Amino acid sequence: MLPAKPMEQQLAQLRRAIARTEALPEEARLRPLGVADVDATLGGGLPCAALHEVSSHAVNLGSAAGFALILAALAREPGKETLWVTTDFGSLETGDLYGPGLDQLGLDTARLLIVRVKRPVDALFAMEEALKCRALATVVGELAEAPDLTASRRLSLAARDGGALGLLLCHKLSDAPSVARTRWRIAPAPSQPDEFGGLGATAFSLSLTRNRRGPCGTWTLAWDHHEHAFSTLSRGVAEAAADGPDRKDIRAG
């Protein structure tokens, strides 16, 4: 029989194993958008195991929903599902998801689950419980407006524990306090016609108004339905986020 390892050695090995486990999600669970300028602003990509907020003016909800679905497609993982949570009112207000359109965005409809509930509070409950499930890669919650700070904190903790990408799709713009890692404001943008003068790729005007990893920015991106990839139409980085750590460094200097 081999002699037992000293307790101090066992504890040291355990600490190293825990440190490696805690270090992995921050670096390994980033989902790049495929545009160098955007990914650099995000610190390498969109963090999974975290909550993010996507919103728009009421007339631009189609663009906001499309962007959220593209993020879900980019965050897909083998063997895992995407969950879309909405309310009866939300479905009546904005319509239901369209299968062929989802295919063009790159989201596998065979891996898509849809939950429809009556009240916003039920949607928040369903989203929180779903984010704890490790069988899901992304959970999208469609709400009329952004939840309060307590609800967003609960969703953020659930996403951290379950490892899924959490997306709040809000029908109204909001500057209310939130623990979301990023906050995006989405609008449609004019697309460039194809080589025959026909309709071009779907284009988005993106404004990153909150980024807990660094600066914010604005970009105009096009989504290639064939390659399932973004390309840049225009770009411009805005000032640092007022609530980010980089702003504190600036003031300290």
# chains A, B, ... in the order shown; residues from 1 in each chain; ligands from 1
call {"tool": "select_by_dssp", "arguments": {"residues": "region 132-234 of chain A", "states": "alpha helix (DSSP H)", "output": "ChimeraX atom specification"}}
result
/A:149-162
call {"tool": "residues_around", "arguments": {"residues": "Ser205 (chain A)", "least_positions_apart": "6", "cutoff": "7 Å", "atoms": "only C-alpha atoms", "output": "PyMOL selection string"}}
result
chain A and resi 186-189+219-221
call {"tool": "write_last_selection", "arguments": {"atoms": "C-alpha atoms", "output": "compact mmCIF listing (two decimals), in the first residue's frame"}}
result
# COMPACT_ATOMS: atom_id res chain seq x y z
CA ILE A 186 -30.47 47.89 -31.39
CA ALA A 187 -31.87 49.57 -34.48
CA PRO A 188 -32.08 48.57 -38.15
CA ALA A 189 -29.53 50.01 -40.56
CA TRP A 219 -21.11 49.85 -34.81
CA THR A 220 -23.06 49.09 -37.96
CA LEU A 221 -22.83 45.38 -38.78
call {"tool": "residues_around", "arguments": {"residues": "Gly106 (chain A)", "least_positions_apart": "3", "cutoff": "8 Å", "atoms": "only C-alpha atoms", "output": "list of chain:residue names"}}
result
A:Ile70, A:Ala73, A:Leu102, A:Asp103, A:His225, A:His228
call {"tool": "residues_around", "arguments": {"residues": "Gly99 (chain A)", "least_positions_apart": "2", "cutoff": "12 Å", "atoms": "only C-alpha atoms", "output": "list in words"}}
result
Leu69, Asp96, Leu97, Gly101, Leu102, Asp103, Gln104, Leu105, Gly106, Leu107, Asp108, Thr109, Ala110, Arg111 and Leu112 of chain A
call {"tool": "write_last_selection", "arguments": {"atoms": "C-alpha atoms", "output": "compact mmCIF listing (two decimals), in the first residue's frame"}}
result
# COMPACT_ATOMS: atom_id res chain seq x y z
CA LEU A 69 -31.33 35.24 -31.89
CA ASP A 96 -44.21 34.54 -33.03
CA LEU A 97 -40.84 33.27 -34.17
CA GLY A 101 -36.06 33.13 -40.68
CA LEU A 102 -34.41 31.38 -37.74
CA ASP A 103 -32.60 29.08 -40.15
CA GLN A 104 -31.23 32.09 -42.03
CA LEU A 105 -29.97 33.56 -38.76
CA GLY A 106 -28.13 30.30 -38.07
CA LEU A 107 -30.28 29.04 -35.19
CA ASP A 108 -31.13 25.35 -35.36
CA THR A 109 -34.90 25.13 -34.88
CA ALA A 110 -34.53 21.48 -33.86
CA ARG A 111 -32.63 22.75 -30.79
CA LEU A 112 -35.11 25.54 -29.96
call {"tool": "atom_distance", "arguments": {"atom1": "CA of Ala75 (chain A)", "atom2": "CA of Ala158 (chain A)"}}
result
17.2 Å
call {"tool": "closest_residue", "arguments": {"among": "A:Leu208, A:Leu157, A:Leu173, A:Ala229", "to": "Leu61 (chain A)", "atoms": "only C-alpha atoms"}}
result
A:Leu173
call {"tool": "closest_residue", "arguments": {"among": "A:Ser234, A:Ser191, A:Thr150, A:Thr182", "to": "Ser55 (chain A)", "atoms": "only C-alpha atoms"}}
result
A:Thr182
call {"tool": "decode", "arguments": {"residues": "region 181-219 of chain A", "atoms": "N, CA and C atoms", "output": "PDB file, in the first residue's frame"}}
result
ATOM      1  N   ARG A 181     -24.136  42.191 -17.617  1.00  0.00           N
ATOM      2  CA  ARG A 181     -22.740  42.428 -18.006  1.00  0.00           C
ATOM      3  C   ARG A 181     -22.646  43.420 -19.157  1.00  0.00           C
ATOM      4  N   THR A 182     -23.588  43.330 -20.096  1.00  0.00           N
ATOM      5  CA  THR A 182     -23.633  44.294 -21.198  1.00  0.00           C
ATOM      6  C   THR A 182     -25.073  44.720 -21.425  1.00  0.00           C
ATOM      7  N   ARG A 183     -25.226  45.924 -21.982  1.00  0.00           N
ATOM      8  CA  ARG A 183     -26.553  46.430 -22.376  1.00  0.00           C
ATOM      9  C   ARG A 183     -26.436  46.959 -23.797  1.00  0.00           C
ATOM     10  N   TRP A 184     -27.276  46.424 -24.686  1.00  0.00           N
ATOM     11  CA  TRP A 184     -27.231  46.772 -26.100  1.00  0.00           C
ATOM     12  C   TRP A 184     -28.524  47.468 -26.518  1.00  0.00           C
ATOM     13  N   ARG A 185     -28.387  48.513 -27.325  1.00  0.00           N
ATOM     14  CA  ARG A 185     -29.533  49.155 -27.955  1.00  0.00           C
ATOM     15  C   ARG A 185     -29.429  48.914 -29.452  1.00  0.00           C
ATOM     16  N   ILE A 186     -30.506  48.383 -30.010  1.00  0.00           N
ATOM     17  CA  ILE A 186     -30.466  47.889 -31.390  1.00  0.00           C
ATOM     18  C   ILE A 186     -31.433  48.677 -32.265  1.00  0.00           C
ATOM     19  N   ALA A 187     -31.016  48.947 -33.478  1.00  0.00           N
ATOM     20  CA  ALA A 187     -31.874  49.573 -34.481  1.00  0.00           C
ATOM     21  C   ALA A 187     -31.497  49.003 -35.845  1.00  0.00           C
ATOM     22  N   PRO A 188     -32.437  49.021 -36.795  1.00  0.00           N
ATOM     23  CA  PRO A 188     -32.081  48.570 -38.146  1.00  0.00           C
ATOM     24  C   PRO A 188     -31.190  49.591 -38.831  1.00  0.00           C
ATOM     25  N   ALA A 189     -30.416  49.131 -39.797  1.00  0.00           N
ATOM     26  CA  ALA A 189     -29.532  50.014 -40.563  1.00  0.00           C
ATOM     27  C   ALA A 189     -29.688  49.701 -42.049  1.00  0.00           C
ATOM     28  N   PRO A 190     -29.452  50.687 -42.912  1.00  0.00           N
ATOM     29  CA  PRO A 190     -29.525  50.424 -44.359  1.00  0.00           C
ATOM     30  C   PRO A 190     -28.472  49.397 -44.762  1.00  0.00           C
ATOM     31  N   SER A 191     -28.875  48.445 -45.546  1.00  0.00           N
ATOM     32  CA  SER A 191     -27.931  47.423 -46.004  1.00  0.00           C
ATOM     33  C   SER A 191     -27.379  47.790 -47.374  1.00  0.00           C
ATOM     34  N   GLN A 192     -26.260  47.199 -47.713  1.00  0.00           N
ATOM     35  CA  GLN A 192     -25.662  47.412 -49.019  1.00  0.00           C
ATOM     36  C   GLN A 192     -26.240  46.409 -50.007  1.00  0.00           C
ATOM     37  N   PRO A 193     -26.687  46.862 -51.186  1.00  0.00           N
ATOM     38  CA  PRO A 193     -27.269  45.935 -52.166  1.00  0.00           C
ATOM     39  C   PRO A 193     -26.244  44.912 -52.641  1.00  0.00           C
ATOM     40  N   ASP A 194     -26.741  43.777 -53.084  1.00  0.00           N
ATOM     41  CA  ASP A 194     -25.831  42.751 -53.573  1.00  0.00           C
ATOM     42  C   ASP A 194     -25.290  43.135 -54.952  1.00  0.00           C
ATOM     43  N   GLU A 195     -24.506  42.255 -55.536  1.00  0.00           N
ATOM     44  CA  GLU A 195     -23.841  42.572 -56.811  1.00  0.00           C
ATOM     45  C   GLU A 195     -24.815  42.759 -57.960  1.00  0.00           C
ATOM     46  N   PHE A 196     -26.058  42.311 -57.782  1.00  0.00           N
ATOM     47  CA  PHE A 196     -27.063  42.460 -58.837  1.00  0.00           C
ATOM     48  C   PHE A 196     -28.023  43.611 -58.537  1.00  0.00           C
ATOM     49  N   GLY A 197     -27.749  44.362 -57.467  1.00  0.00           N
ATOM     50  CA  GLY A 197     -28.613  45.476 -57.107  1.00  0.00           C
ATOM     51  C   GLY A 197     -29.808  45.075 -56.274  1.00  0.00           C
ATOM     52  N   GLY A 198     -29.837  43.828 -55.836  1.00  0.00           N
ATOM     53  CA  GLY A 198     -30.959  43.358 -55.028  1.00  0.00           C
ATOM     54  C   GLY A 198     -30.758  43.621 -53.551  1.00  0.00           C
ATOM     55  N   LEU A 199     -31.618  43.018 -52.749  1.00  0.00           N
ATOM     56  CA  LEU A 199     -31.556  43.212 -51.303  1.00  0.00           C
ATOM     57  C   LEU A 199     -30.234  42.698 -50.752  1.00  0.00           C
ATOM     58  N   GLY A 200     -29.661  43.481 -49.862  1.00  0.00           N
ATOM     59  CA  GLY A 200     -28.402  43.089 -49.255  1.00  0.00           C
ATOM     60  C   GLY A 200     -28.610  42.340 -47.955  1.00  0.00           C
ATOM     61  N   ALA A 201     -27.523  42.133 -47.243  1.00  0.00           N
ATOM     62  CA  ALA A 201     -27.578  41.415 -45.971  1.00  0.00           C
ATOM     63  C   ALA A 201     -28.283  42.254 -44.914  1.00  0.00           C
ATOM     64  N   THR A 202     -28.896  41.588 -43.953  1.00  0.00           N
ATOM     65  CA  THR A 202     -29.537  42.273 -42.835  1.00  0.00           C
ATOM     66  C   THR A 202     -28.498  43.083 -42.065  1.00  0.00           C
ATOM     67  N   ALA A 203     -28.810  44.341 -41.798  1.00  0.00           N
ATOM     68  CA  ALA A 203     -27.849  45.233 -41.134  1.00  0.00           C
ATOM     69  C   ALA A 203     -28.424  45.738 -39.822  1.00  0.00           C
ATOM     70  N   PHE A 204     -27.548  45.881 -38.843  1.00  0.00           N
ATOM     71  CA  PHE A 204     -27.932  46.333 -37.510  1.00  0.00           C
ATOM     72  C   PHE A 204     -27.089  47.546 -37.119  1.00  0.00           C
ATOM     73  N   SER A 205     -27.725  48.495 -36.459  1.00  0.00           N
ATOM     74  CA  SER A 205     -27.014  49.567 -35.786  1.00  0.00           C
ATOM     75  C   SER A 205     -26.949  49.199 -34.308  1.00  0.00           C
ATOM     76  N   LEU A 206     -25.748  48.936 -33.813  1.00  0.00           N
ATOM     77  CA  LEU A 206     -25.556  48.464 -32.449  1.00  0.00           C
ATOM     78  C   LEU A 206     -24.951  49.569 -31.590  1.00  0.00           C
ATOM     79  N   SER A 207     -25.509  49.761 -30.416  1.00  0.00           N
ATOM     80  CA  SER A 207     -24.939  50.665 -29.425  1.00  0.00           C
ATOM     81  C   SER A 207     -24.739  49.874 -28.140  1.00  0.00           C
ATOM     82  N   LEU A 208     -23.493  49.693 -27.766  1.00  0.00           N
ATOM     83  CA  LEU A 208     -23.158  49.043 -26.506  1.00  0.00           C
ATOM     84  C   LEU A 208     -23.093  50.139 -25.447  1.00  0.00           C
ATOM     85  N   THR A 209     -24.153  50.260 -24.635  1.00  0.00           N
ATOM     86  CA  THR A 209     -24.250  51.369 -23.684  1.00  0.00           C
ATOM     87  C   THR A 209     -23.783  50.988 -22.283  1.00  0.00           C
ATOM     88  N   ARG A 210     -23.553  49.720 -22.055  1.00  0.00           N
ATOM     89  CA  ARG A 210     -23.025  49.270 -20.760  1.00  0.00           C
ATOM     90  C   ARG A 210     -22.103  48.094 -21.014  1.00  0.00           C
ATOM     91  N   ASN A 211     -20.928  48.156 -20.427  1.00  0.00           N
ATOM     92  CA  ASN A 211     -19.947  47.089 -20.605  1.00  0.00           C
ATOM     93  C   ASN A 211     -19.105  47.010 -19.342  1.00  0.00           C
ATOM     94  N   ARG A 212     -19.331  45.999 -18.546  1.00  0.00           N
ATOM     95  CA  ARG A 212     -18.624  45.886 -17.270  1.00  0.00           C
ATOM     96  C   ARG A 212     -17.173  45.447 -17.446  1.00  0.00           C
ATOM     97  N   ARG A 213     -16.781  45.124 -18.673  1.00  0.00           N
ATOM     98  CA  ARG A 213     -15.393  44.735 -18.942  1.00  0.00           C
ATOM     99  C   ARG A 213     -14.568  45.880 -19.527  1.00  0.00           C
ATOM    100  N   GLY A 214     -15.206  47.025 -19.788  1.00  0.00           N
ATOM    101  CA  GLY A 214     -14.426  48.104 -20.374  1.00  0.00           C
ATOM    102  C   GLY A 214     -15.266  49.146 -21.073  1.00  0.00           C
ATOM    103  N   PRO A 215     -14.807  49.660 -22.227  1.00  0.00           N
ATOM    104  CA  PRO A 215     -15.471  50.773 -22.907  1.00  0.00           C
ATOM    105  C   PRO A 215     -16.746  50.332 -23.611  1.00  0.00           C
ATOM    106  N   CYS A 216     -17.505  51.334 -24.035  1.00  0.00           N
ATOM    107  CA  CYS A 216     -18.707  51.086 -24.839  1.00  0.00           C
ATOM    108  C   CYS A 216     -18.385  51.401 -26.301  1.00  0.00           C
ATOM    109  N   GLY A 217     -19.372  51.302 -27.169  1.00  0.00           N
ATOM    110  CA  GLY A 217     -19.096  51.578 -28.566  1.00  0.00           C
ATOM    111  C   GLY A 217     -20.339  51.511 -29.422  1.00  0.00           C
ATOM    112  N   THR A 218     -20.225  51.956 -30.656  1.00  0.00           N
ATOM    113  CA  THR A 218     -21.305  51.890 -31.638  1.00  0.00           C
ATOM    114  C   THR A 218     -20.744  51.321 -32.934  1.00  0.00           C
ATOM    115  N   TRP A 219     -21.533  50.475 -33.569  1.00  0.00           N
ATOM    116  CA  TRP A 219     -21.108  49.846 -34.814  1.00  0.00           C
ATOM    117  C   TRP A 219     -22.314  49.639 -35.716  1.00  0.00           C
TER     118      TRP A 219
END
